[in-house]
Each structure stands twice: as C-alpha cells, then as structure tokens.
$ cat final_30.cif   # mmCIF, N, CA and C atoms
data_structure
loop_
_atom_site.label_atom_id
_atom_site.label_comp_id
_atom_site.auth_asym_id
_atom_site.auth_seq_id
_atom_site.Cartn_x
_atom_site.Cartn_y
_atom_site.Cartn_z
N MET I 1 89.78 128.36 80.83
CA MET I 1 90.52 127.22 81.33
C MET I 1 90.71 127.38 82.84
N SER I 2 90.45 126.32 83.58
CA SER I 2 90.55 126.38 85.04
C SER I 2 92.01 126.37 85.49
N GLN I 3 92.21 126.77 86.75
CA GLN I 3 93.57 126.76 87.30
C GLN I 3 94.14 125.35 87.35
N VAL I 4 93.28 124.37 87.51
CA VAL I 4 93.74 122.98 87.53
C VAL I 4 94.31 122.63 86.16
N GLU I 5 93.61 123.02 85.11
CA GLU I 5 94.08 122.74 83.74
C GLU I 5 95.33 123.54 83.40
N GLN I 6 95.47 124.72 83.97
CA GLN I 6 96.63 125.57 83.70
C GLN I 6 97.84 125.22 84.57
N PHE I 7 97.63 124.46 85.62
CA PHE I 7 98.68 124.16 86.59
C PHE I 7 99.88 123.47 85.94
N LEU I 8 99.60 122.53 85.05
CA LEU I 8 100.65 121.79 84.34
C LEU I 8 100.32 121.74 82.87
N SER I 9 101.35 121.85 82.04
CA SER I 9 101.14 121.66 80.61
C SER I 9 101.05 120.15 80.34
N ALA I 10 100.61 119.78 79.16
CA ALA I 10 100.54 118.37 78.79
C ALA I 10 101.92 117.73 78.86
N GLU I 11 102.94 118.48 78.46
CA GLU I 11 104.31 117.96 78.50
C GLU I 11 104.77 117.74 79.94
N GLU I 12 104.44 118.69 80.81
CA GLU I 12 104.83 118.55 82.22
C GLU I 12 104.11 117.36 82.86
N GLU I 13 102.84 117.20 82.51
CA GLU I 13 102.08 116.07 83.03
C GLU I 13 102.72 114.76 82.59
N GLN I 14 103.16 114.69 81.34
CA GLN I 14 103.82 113.48 80.84
C GLN I 14 105.14 113.24 81.57
N GLU I 15 105.86 114.29 81.89
CA GLU I 15 107.11 114.14 82.66
C GLU I 15 106.82 113.55 84.04
N ILE I 16 105.70 113.93 84.64
CA ILE I 16 105.30 113.38 85.94
C ILE I 16 104.97 111.90 85.79
N VAL I 17 104.23 111.55 84.75
CA VAL I 17 103.91 110.14 84.49
C VAL I 17 105.20 109.35 84.30
N ASN I 18 106.14 109.90 83.54
CA ASN I 18 107.43 109.23 83.34
C ASN I 18 108.17 109.04 84.66
N ALA I 19 108.09 110.04 85.55
CA ALA I 19 108.72 109.92 86.87
C ALA I 19 108.06 108.81 87.68
N ILE I 20 106.74 108.72 87.59
CA ILE I 20 106.02 107.64 88.30
C ILE I 20 106.48 106.29 87.77
N LEU I 21 106.56 106.15 86.45
CA LEU I 21 107.01 104.89 85.86
C LEU I 21 108.42 104.55 86.32
N GLU I 22 109.31 105.54 86.35
CA GLU I 22 110.68 105.33 86.82
C GLU I 22 110.70 104.95 88.30
N ALA I 23 109.92 105.67 89.10
CA ALA I 23 109.89 105.43 90.55
C ALA I 23 109.36 104.04 90.87
N GLU I 24 108.42 103.55 90.07
CA GLU I 24 107.80 102.25 90.33
C GLU I 24 108.56 101.09 89.69
N ARG I 25 109.57 101.38 88.90
CA ARG I 25 110.29 100.34 88.15
C ARG I 25 110.87 99.26 89.05
N ASN I 26 111.38 99.63 90.21
CA ASN I 26 112.06 98.66 91.08
C ASN I 26 111.35 98.43 92.40
N THR I 27 110.04 98.67 92.40
CA THR I 27 109.28 98.49 93.64
C THR I 27 107.89 97.94 93.32
N SER I 28 107.31 97.27 94.29
CA SER I 28 105.91 96.84 94.15
C SER I 28 104.97 97.96 94.60
N GLY I 29 105.53 99.05 95.13
CA GLY I 29 104.73 100.18 95.59
C GLY I 29 104.03 100.89 94.44
N GLU I 30 103.00 101.64 94.78
CA GLU I 30 102.20 102.37 93.80
C GLU I 30 102.18 103.85 94.17
N ILE I 31 102.41 104.70 93.19
CA ILE I 31 102.43 106.14 93.41
C ILE I 31 101.41 106.78 92.48
N ARG I 32 100.61 107.69 93.02
CA ARG I 32 99.64 108.45 92.22
C ARG I 32 99.78 109.93 92.55
N VAL I 33 99.43 110.77 91.58
CA VAL I 33 99.38 112.21 91.76
C VAL I 33 97.97 112.64 91.42
N HIS I 34 97.36 113.42 92.31
CA HIS I 34 96.01 113.94 92.08
C HIS I 34 96.03 115.45 92.26
N ILE I 35 95.44 116.16 91.29
CA ILE I 35 95.41 117.61 91.32
C ILE I 35 93.96 118.07 91.23
N GLU I 36 93.58 119.01 92.10
CA GLU I 36 92.25 119.61 92.03
C GLU I 36 92.32 121.05 92.49
N GLY I 37 91.23 121.77 92.30
CA GLY I 37 91.19 123.20 92.63
C GLY I 37 91.29 123.46 94.11
N ASN I 38 90.26 123.05 94.85
CA ASN I 38 90.28 123.27 96.29
C ASN I 38 89.65 122.08 97.00
N ALA I 39 89.98 122.00 98.27
CA ALA I 39 89.39 120.98 99.12
C ALA I 39 88.28 121.65 99.93
N LYS I 40 87.16 121.01 100.01
CA LYS I 40 86.03 121.56 100.78
C LYS I 40 86.17 121.23 102.26
N ILE I 41 87.12 120.33 102.57
CA ILE I 41 87.41 119.94 103.95
C ILE I 41 88.91 120.10 104.17
N ASP I 42 89.41 119.75 105.35
CA ASP I 42 90.85 119.89 105.57
C ASP I 42 91.59 119.00 104.57
N HIS I 43 92.77 119.44 104.21
CA HIS I 43 93.50 118.83 103.10
C HIS I 43 93.92 117.39 103.37
N PHE I 44 94.28 117.08 104.59
CA PHE I 44 94.64 115.70 104.92
C PHE I 44 93.44 114.78 104.75
N SER I 45 92.29 115.21 105.24
CA SER I 45 91.07 114.40 105.11
C SER I 45 90.69 114.24 103.64
N ARG I 46 90.86 115.30 102.87
CA ARG I 46 90.55 115.21 101.44
C ARG I 46 91.51 114.25 100.74
N ALA I 47 92.78 114.28 101.11
CA ALA I 47 93.74 113.34 100.52
C ALA I 47 93.34 111.90 100.85
N GLN I 48 92.86 111.66 102.06
CA GLN I 48 92.39 110.33 102.44
C GLN I 48 91.20 109.91 101.56
N GLN I 49 90.27 110.83 101.32
CA GLN I 49 89.12 110.54 100.47
C GLN I 49 89.57 110.18 99.05
N VAL I 50 90.47 110.98 98.49
CA VAL I 50 90.96 110.74 97.14
C VAL I 50 91.69 109.41 97.08
N PHE I 51 92.50 109.13 98.09
CA PHE I 51 93.23 107.86 98.18
C PHE I 51 92.25 106.70 98.05
N HIS I 52 91.15 106.77 98.79
CA HIS I 52 90.13 105.71 98.74
C HIS I 52 89.41 105.72 97.38
N PHE I 53 89.05 106.89 96.88
CA PHE I 53 88.35 107.00 95.60
C PHE I 53 89.17 106.40 94.46
N LEU I 54 90.50 106.59 94.51
CA LEU I 54 91.39 106.05 93.47
C LEU I 54 91.73 104.57 93.72
N LYS I 55 91.10 103.99 94.74
CA LYS I 55 91.29 102.58 95.12
C LYS I 55 92.74 102.26 95.50
N MET I 56 93.42 103.27 96.03
CA MET I 56 94.80 103.07 96.44
C MET I 56 94.90 102.24 97.73
N ASP I 57 93.81 102.13 98.45
CA ASP I 57 93.80 101.34 99.68
C ASP I 57 93.52 99.86 99.39
N ASN I 58 93.50 99.49 98.10
CA ASN I 58 93.26 98.10 97.72
C ASN I 58 94.52 97.39 97.25
N THR I 59 95.68 98.00 97.41
CA THR I 59 96.90 97.34 96.93
C THR I 59 97.27 96.19 97.86
N LYS I 60 97.86 95.18 97.29
CA LYS I 60 98.19 93.95 98.00
C LYS I 60 99.03 94.20 99.25
N ASP I 61 100.05 95.04 99.14
CA ASP I 61 100.97 95.25 100.27
C ASP I 61 100.71 96.55 101.03
N GLU I 62 99.58 97.19 100.77
CA GLU I 62 99.24 98.46 101.44
C GLU I 62 100.39 99.45 101.31
N ASN I 63 100.92 99.59 100.08
CA ASN I 63 102.11 100.41 99.88
C ASN I 63 101.90 101.48 98.80
N GLY I 64 100.73 102.07 98.81
CA GLY I 64 100.45 103.17 97.91
C GLY I 64 100.81 104.51 98.53
N VAL I 65 101.25 105.44 97.67
CA VAL I 65 101.57 106.80 98.11
C VAL I 65 100.85 107.77 97.17
N LEU I 66 100.10 108.69 97.75
CA LEU I 66 99.39 109.71 96.98
C LEU I 66 100.02 111.07 97.24
N LEU I 67 100.30 111.78 96.16
CA LEU I 67 100.69 113.18 96.26
C LEU I 67 99.47 113.98 95.81
N TYR I 68 98.80 114.61 96.76
CA TYR I 68 97.57 115.36 96.52
C TYR I 68 97.90 116.85 96.49
N VAL I 69 97.45 117.55 95.45
CA VAL I 69 97.70 118.98 95.31
C VAL I 69 96.38 119.72 95.13
N ALA I 70 96.10 120.71 95.99
CA ALA I 70 94.95 121.60 95.85
C ALA I 70 95.49 122.94 95.34
N VAL I 71 95.35 123.17 94.04
CA VAL I 71 95.99 124.29 93.36
C VAL I 71 95.57 125.65 93.93
N ASN I 72 94.28 125.91 93.99
CA ASN I 72 93.79 127.22 94.45
C ASN I 72 94.10 127.46 95.92
N ASP I 73 94.13 126.39 96.71
CA ASP I 73 94.42 126.50 98.14
C ASP I 73 95.92 126.64 98.41
N LYS I 74 96.71 126.33 97.39
CA LYS I 74 98.18 126.35 97.54
C LYS I 74 98.63 125.40 98.67
N LYS I 75 98.06 124.19 98.65
CA LYS I 75 98.37 123.18 99.66
C LYS I 75 98.61 121.84 98.97
N PHE I 76 99.41 121.00 99.61
CA PHE I 76 99.58 119.63 99.14
C PHE I 76 99.76 118.70 100.32
N VAL I 77 99.49 117.43 100.09
CA VAL I 77 99.60 116.41 101.12
C VAL I 77 100.26 115.18 100.49
N ILE I 78 101.16 114.57 101.23
CA ILE I 78 101.69 113.27 100.85
C ILE I 78 101.04 112.26 101.77
N TYR I 79 100.31 111.33 101.20
CA TYR I 79 99.57 110.36 102.01
C TYR I 79 99.99 108.95 101.63
N GLY I 80 100.50 108.21 102.62
CA GLY I 80 100.92 106.84 102.39
C GLY I 80 100.00 105.86 103.10
N ASP I 81 99.81 104.71 102.48
CA ASP I 81 98.99 103.66 103.06
C ASP I 81 99.69 103.05 104.28
N ARG I 82 98.97 102.21 104.99
CA ARG I 82 99.47 101.64 106.25
C ARG I 82 100.80 100.91 106.09
N GLY I 83 100.94 100.13 105.04
CA GLY I 83 102.17 99.35 104.86
C GLY I 83 103.39 100.24 104.71
N ILE I 84 103.29 101.27 103.90
CA ILE I 84 104.43 102.17 103.70
C ILE I 84 104.68 103.01 104.94
N ASP I 85 103.63 103.44 105.61
CA ASP I 85 103.82 104.23 106.83
C ASP I 85 104.55 103.44 107.92
N ARG I 86 104.31 102.13 107.97
CA ARG I 86 105.00 101.29 108.96
C ARG I 86 106.47 101.10 108.58
N ALA I 87 106.79 101.20 107.28
CA ALA I 87 108.13 100.85 106.80
C ALA I 87 109.10 102.01 106.71
N VAL I 88 108.63 103.21 106.38
CA VAL I 88 109.56 104.31 106.13
C VAL I 88 110.07 104.89 107.44
N PRO I 89 111.28 105.46 107.42
CA PRO I 89 111.82 106.04 108.65
C PRO I 89 111.04 107.26 109.12
N LYS I 90 111.09 107.50 110.41
CA LYS I 90 110.44 108.67 110.99
C LYS I 90 110.98 109.93 110.32
N GLY I 91 110.09 110.82 109.97
CA GLY I 91 110.50 112.07 109.33
C GLY I 91 110.64 111.99 107.83
N PHE I 92 110.47 110.79 107.24
CA PHE I 92 110.64 110.66 105.79
C PHE I 92 109.70 111.59 105.03
N TRP I 93 108.44 111.60 105.38
CA TRP I 93 107.49 112.42 104.64
C TRP I 93 107.81 113.90 104.80
N GLU I 94 108.35 114.29 105.96
CA GLU I 94 108.72 115.69 106.17
C GLU I 94 109.83 116.11 105.21
N THR I 95 110.81 115.25 105.03
CA THR I 95 111.91 115.54 104.12
C THR I 95 111.38 115.69 102.69
N THR I 96 110.51 114.78 102.30
CA THR I 96 109.92 114.84 100.96
C THR I 96 109.06 116.09 100.83
N LYS I 97 108.27 116.37 101.86
CA LYS I 97 107.42 117.56 101.85
C LYS I 97 108.26 118.83 101.72
N ASP I 98 109.36 118.92 102.45
CA ASP I 98 110.22 120.09 102.39
C ASP I 98 110.81 120.27 100.99
N THR I 99 111.19 119.17 100.36
CA THR I 99 111.76 119.22 99.00
C THR I 99 110.72 119.74 98.02
N ILE I 100 109.51 119.18 98.09
CA ILE I 100 108.44 119.61 97.19
C ILE I 100 108.11 121.08 97.45
N SER I 101 107.99 121.45 98.70
CA SER I 101 107.65 122.82 99.08
C SER I 101 108.67 123.82 98.56
N ALA I 102 109.94 123.48 98.63
CA ALA I 102 110.98 124.39 98.15
C ALA I 102 110.81 124.67 96.65
N HIS I 103 110.48 123.67 95.89
CA HIS I 103 110.22 123.86 94.46
C HIS I 103 108.95 124.68 94.23
N PHE I 104 107.89 124.34 94.98
CA PHE I 104 106.61 125.04 94.82
C PHE I 104 106.75 126.53 95.11
N LYS I 105 107.54 126.87 96.12
CA LYS I 105 107.72 128.28 96.48
C LYS I 105 108.37 129.07 95.35
N LYS I 106 109.11 128.40 94.51
CA LYS I 106 109.75 129.05 93.35
C LYS I 106 108.87 128.97 92.11
N GLY I 107 107.65 128.42 92.25
CA GLY I 107 106.75 128.28 91.11
C GLY I 107 107.11 127.12 90.21
N LYS I 108 107.97 126.22 90.69
CA LYS I 108 108.41 125.07 89.89
C LYS I 108 107.61 123.84 90.33
N PHE I 109 106.36 123.82 89.91
CA PHE I 109 105.44 122.78 90.38
C PHE I 109 105.78 121.41 89.82
N LYS I 110 106.02 121.34 88.53
CA LYS I 110 106.36 120.06 87.92
C LYS I 110 107.62 119.49 88.56
N GLU I 111 108.64 120.32 88.76
CA GLU I 111 109.89 119.87 89.34
C GLU I 111 109.69 119.34 90.75
N GLY I 112 108.86 120.03 91.53
CA GLY I 112 108.57 119.58 92.89
C GLY I 112 107.87 118.23 92.91
N ILE I 113 106.88 118.08 92.03
CA ILE I 113 106.14 116.82 91.99
C ILE I 113 107.07 115.69 91.53
N VAL I 114 107.84 115.94 90.47
CA VAL I 114 108.75 114.91 89.96
C VAL I 114 109.74 114.48 91.04
N GLU I 115 110.37 115.44 91.72
CA GLU I 115 111.34 115.08 92.74
C GLU I 115 110.68 114.34 93.90
N GLY I 116 109.48 114.78 94.30
CA GLY I 116 108.76 114.08 95.37
C GLY I 116 108.42 112.65 94.99
N VAL I 117 107.98 112.45 93.74
CA VAL I 117 107.66 111.11 93.25
C VAL I 117 108.91 110.23 93.26
N LEU I 118 110.02 110.76 92.78
CA LEU I 118 111.26 109.98 92.74
C LEU I 118 111.77 109.64 94.14
N MET I 119 111.63 110.58 95.08
CA MET I 119 112.04 110.31 96.47
C MET I 119 111.16 109.21 97.07
N ALA I 120 109.86 109.28 96.82
CA ALA I 120 108.95 108.25 97.32
C ALA I 120 109.31 106.90 96.70
N GLY I 121 109.64 106.89 95.42
CA GLY I 121 110.01 105.66 94.74
C GLY I 121 111.25 105.01 95.34
N LYS I 122 112.26 105.83 95.67
CA LYS I 122 113.48 105.29 96.28
C LYS I 122 113.17 104.63 97.62
N GLU I 123 112.33 105.28 98.40
CA GLU I 123 111.98 104.73 99.71
C GLU I 123 111.15 103.46 99.55
N LEU I 124 110.21 103.47 98.61
CA LEU I 124 109.42 102.27 98.36
C LEU I 124 110.32 101.12 97.92
N GLU I 125 111.28 101.43 97.06
CA GLU I 125 112.20 100.39 96.58
C GLU I 125 112.96 99.75 97.74
N ALA I 126 113.37 100.56 98.71
CA ALA I 126 114.12 100.04 99.85
C ALA I 126 113.27 99.11 100.71
N HIS I 127 111.99 99.40 100.83
CA HIS I 127 111.13 98.64 101.74
C HIS I 127 110.21 97.66 101.03
N PHE I 128 109.93 97.93 99.76
CA PHE I 128 109.03 97.07 98.98
C PHE I 128 109.65 96.83 97.60
N PRO I 129 110.77 96.08 97.56
CA PRO I 129 111.42 95.85 96.26
C PRO I 129 110.52 95.06 95.32
N TRP I 130 110.75 95.28 94.03
CA TRP I 130 110.00 94.57 93.01
C TRP I 130 110.42 93.11 93.01
N HIS I 131 109.45 92.22 92.90
CA HIS I 131 109.71 90.79 92.80
C HIS I 131 109.09 90.28 91.51
N HIS I 132 109.67 89.22 90.98
CA HIS I 132 109.12 88.62 89.77
C HIS I 132 107.62 88.35 89.96
N GLY I 133 106.84 88.78 89.02
CA GLY I 133 105.40 88.56 89.11
C GLY I 133 104.63 89.75 89.64
N ASP I 134 105.33 90.76 90.20
CA ASP I 134 104.64 91.96 90.65
C ASP I 134 104.01 92.66 89.46
N THR I 135 102.80 93.15 89.64
CA THR I 135 102.12 93.86 88.56
C THR I 135 101.81 95.29 89.00
N ASN I 136 101.67 96.16 88.02
CA ASN I 136 101.27 97.54 88.28
C ASN I 136 99.78 97.50 88.60
N GLU I 137 99.43 97.75 89.84
CA GLU I 137 98.05 97.60 90.28
C GLU I 137 97.18 98.82 89.99
N LEU I 138 97.81 99.99 89.79
CA LEU I 138 97.05 101.23 89.63
C LEU I 138 97.54 102.01 88.41
N SER I 139 96.69 102.86 87.90
CA SER I 139 97.05 103.73 86.79
C SER I 139 98.19 104.67 87.22
N ASP I 140 99.03 105.03 86.25
CA ASP I 140 100.11 105.98 86.51
C ASP I 140 99.74 107.40 86.06
N ALA I 141 98.57 107.56 85.48
CA ALA I 141 98.14 108.87 84.99
C ALA I 141 97.89 109.83 86.14
N VAL I 142 98.11 111.11 85.87
CA VAL I 142 97.78 112.15 86.84
C VAL I 142 96.26 112.28 86.83
N SER I 143 95.64 112.16 88.00
CA SER I 143 94.18 112.31 88.07
C SER I 143 93.85 113.74 88.47
N LYS I 144 92.66 114.18 88.07
CA LYS I 144 92.24 115.55 88.36
C LYS I 144 90.81 115.54 88.89
N GLY I 145 90.56 116.46 89.80
CA GLY I 145 89.23 116.52 90.38
C GLY I 145 88.60 117.86 90.20
#

$ encode --input "final_30.cif" --output "structure tokens"
Amino acid sequence: MSQVEQFLSAEEEQEIVNAILEAERNTSGEIRVHIEGNAKIDHFSRAQQVFHFLKMDNTKDENGVLLYVAVNDKKFVIYGDRGIDRAVPKGFWETTKDTISAHFKKGKFKEGIVEGVLMAGKELEAHFPWHHGDTNELSDAVSKG
C-alpha cells in the first residue's frame, strides 16, 4: 500500500468529505482536497496544475479553493482561484496554512485538513454567500494522484 493510500483511513477521508459539505453549505464557493505522493515540480506550480486538471478554474464565480497535499514531500499548498483571492483579507491563507501546519506537525493530518477546509468555508461564506439556485459545481470527494 502506498503512502498516499496510508495517509488517511476511509473513515478519515469521509470526515474530510463531510467537512467539505459543511463548509460549502452556506457558500457558492467550491473546496477540493487533493493528495498525492510527490510533486515533480515546485509545489505551488503543481497545485496550479491540479487545480486546472480538476476543472476548478471553471467555476462561475472563480471561487474555488484547493488544498493540495504531497505526502512524501511533507508539503501542502492552499490555492484559491482569482475570485476568492481578490475577496479574502490579506494574510488569510497564511492563517489557514499555520493552522493546518500545526496539526500536521503533530501527525494529525485529518484534523489539519478538516480545520483548513472549515476555515476556507467560513471565508467563502463571508464573500460568496449561497444564493437560491446555486449548485454544487464540483465533486466533494478527496482526489488522489
């Protein structure tokens, strides 16, 4: 079994999906989590590639957020689309990154991802509230590479 498969149990993965559903409940924003072994390029560039591959750059309001994790590299990136980057306060991603990092340093990967997803959801809700007729544009499943 690969480190990617061992990174989260099926139950932990479901808890992350539940956090995504909760985070997206009151926003038109879209949140995805992608986990893979290593990035062959710098992690930010790889997160951009995955963002595009998952079609997160096709959302109506450009308000997708990707939490990308490279397990073997022990690195992660929070990548937001143009709409969300214009809307969130300066330093928002750093605060979220610090929260996730604190959990990861303790080996609490699921907890870090869940808290990061919920923090992103709160910010999305503030800037991109859900309106009648909004649809879930992207899958909520954890993707793996």

$ residues_around --input "final_30.cif" --residues "Tyr79 (chain I)" --least-positions-apart "4" --cutoff "12 Å" --atoms "only C-alpha atoms" --output "ChimeraX atom specification"
/I:30-34,43-52,56-57,62-69,83-85,92-94,96-97,116-117,120

$ atom_distance --input "final_30.cif" --atom1 "CA of Ile35 (chain I)" --atom2 "CA of Glu111 (chain I)"
14.8 Å

$ select_by_dssp --input "final_30.cif" --residues "region 56-139 of chain I" --states "helix (DSSP H, G or I)" --output "MDAnalysis selection string"
chainID I and resid 56:58 82:87 92:105 109:127

$ select_by_dssp --input "final_30.cif" --residues "chain I" --states "strand (DSSP E)" --output "ChimeraX atom specification"
/I:30-36,64-70,75-80,143-144

$ atom_distance --input "final_30.cif" --atom1 "CA of Val77 (chain I)" --atom2 "CA of Thr135 (chain I)"
25.9 Å

$ closest_residue --input "final_30.cif" --among "I:Lys74, I:His131, I:Lys108, I:His103" --to "Gly37 (chain I)" --atoms "all atoms listed in the file"
I:Lys74

$ residues_around --input "final_30.cif" --residues "Pro129 (chain I)" --least-positions-apart "2" --cutoff "8 Å" --atoms "only N, CA and C atoms" --output "list of chain:residue names"
I:Arg25, I:Asn26, I:Thr27, I:Ser28, I:Gly29, I:Glu123, I:Leu124, I:Glu125, I:Ala126, I:His127, I:His131, I:His132

$ atom_distance --input "final_30.cif" --atom1 "CA of Gly80 (chain I)" --atom2 "CA of Ser2 (chain I)"
28.1 Å

$ closest_atom_pairs --input "final_30.cif" --of "region 41-132 of chain I" --to "region 11-24 of chain I" --cutoff "8 Å" --atoms "only C-alpha atoms" --output "JSON lines"
{"residue": "I:Lys110", "atom": "CA", "partner": "I:Glu12", "partner_atom": "CA", "distance": 6.1}
{"residue": "I:Ile113", "atom": "CA", "partner": "I:Ile16", "partner_atom": "CA", "distance": 7.0}
{"residue": "I:Val114", "atom": "CA", "partner": "I:Ile16", "partner_atom": "CA", "distance": 5.5}
{"residue": "I:Val117", "atom": "CA", "partner": "I:Ile20", "partner_atom": "CA", "distance": 6.3}
{"residue": "I:Leu118", "atom": "CA", "partner": "I:Ala23", "partner_atom": "CA", "distance": 5.2}
{"residue": "I:Met119", "atom": "CA", "partner": "I:Ala23", "partner_atom": "CA", "distance": 8.0}
{"residue": "I:Ala120", "atom": "CA", "partner": "I:Ala23", "partner_atom": "CA", "distance": 7.4}
{"residue": "I:Gly121", "atom": "CA", "partner": "I:Ala23", "partner_atom": "CA", "distance": 4.2}
{"residue": "I:Lys122", "atom": "CA", "partner": "I:Ala23", "partner_atom": "CA", "distance": 6.8}
{"residue": "I:Glu125", "atom": "CA", "partner": "I:Glu24", "partner_atom": "CA", "distance": 7.9}

$ closest_residue --input "final_30.cif" --among "I:Val142, I:Ala39, I:Ala102, I:Ala87" --to "Val71 (chain I)" --atoms "only C-alpha atoms"
I:Ala39

$ closest_residue --input "final_30.cif" --among "I:Trp130, I:Lys40, I:Thr99, I:Glu5" --to "Glu115 (chain I)" --atoms "only N, CA and C atoms"
I:Thr99

$ axis_aligned_box --input "final_30.cif" --around "region 117-124 of chain I" --padding-each-side "8 Å" --output "lines of an AutoDock Vina configuration file"
center_x = 110.6
center_y = 106.8
center_z = 96.2
size_x = 21.8
size_y = 27.3
size_z = 23.0
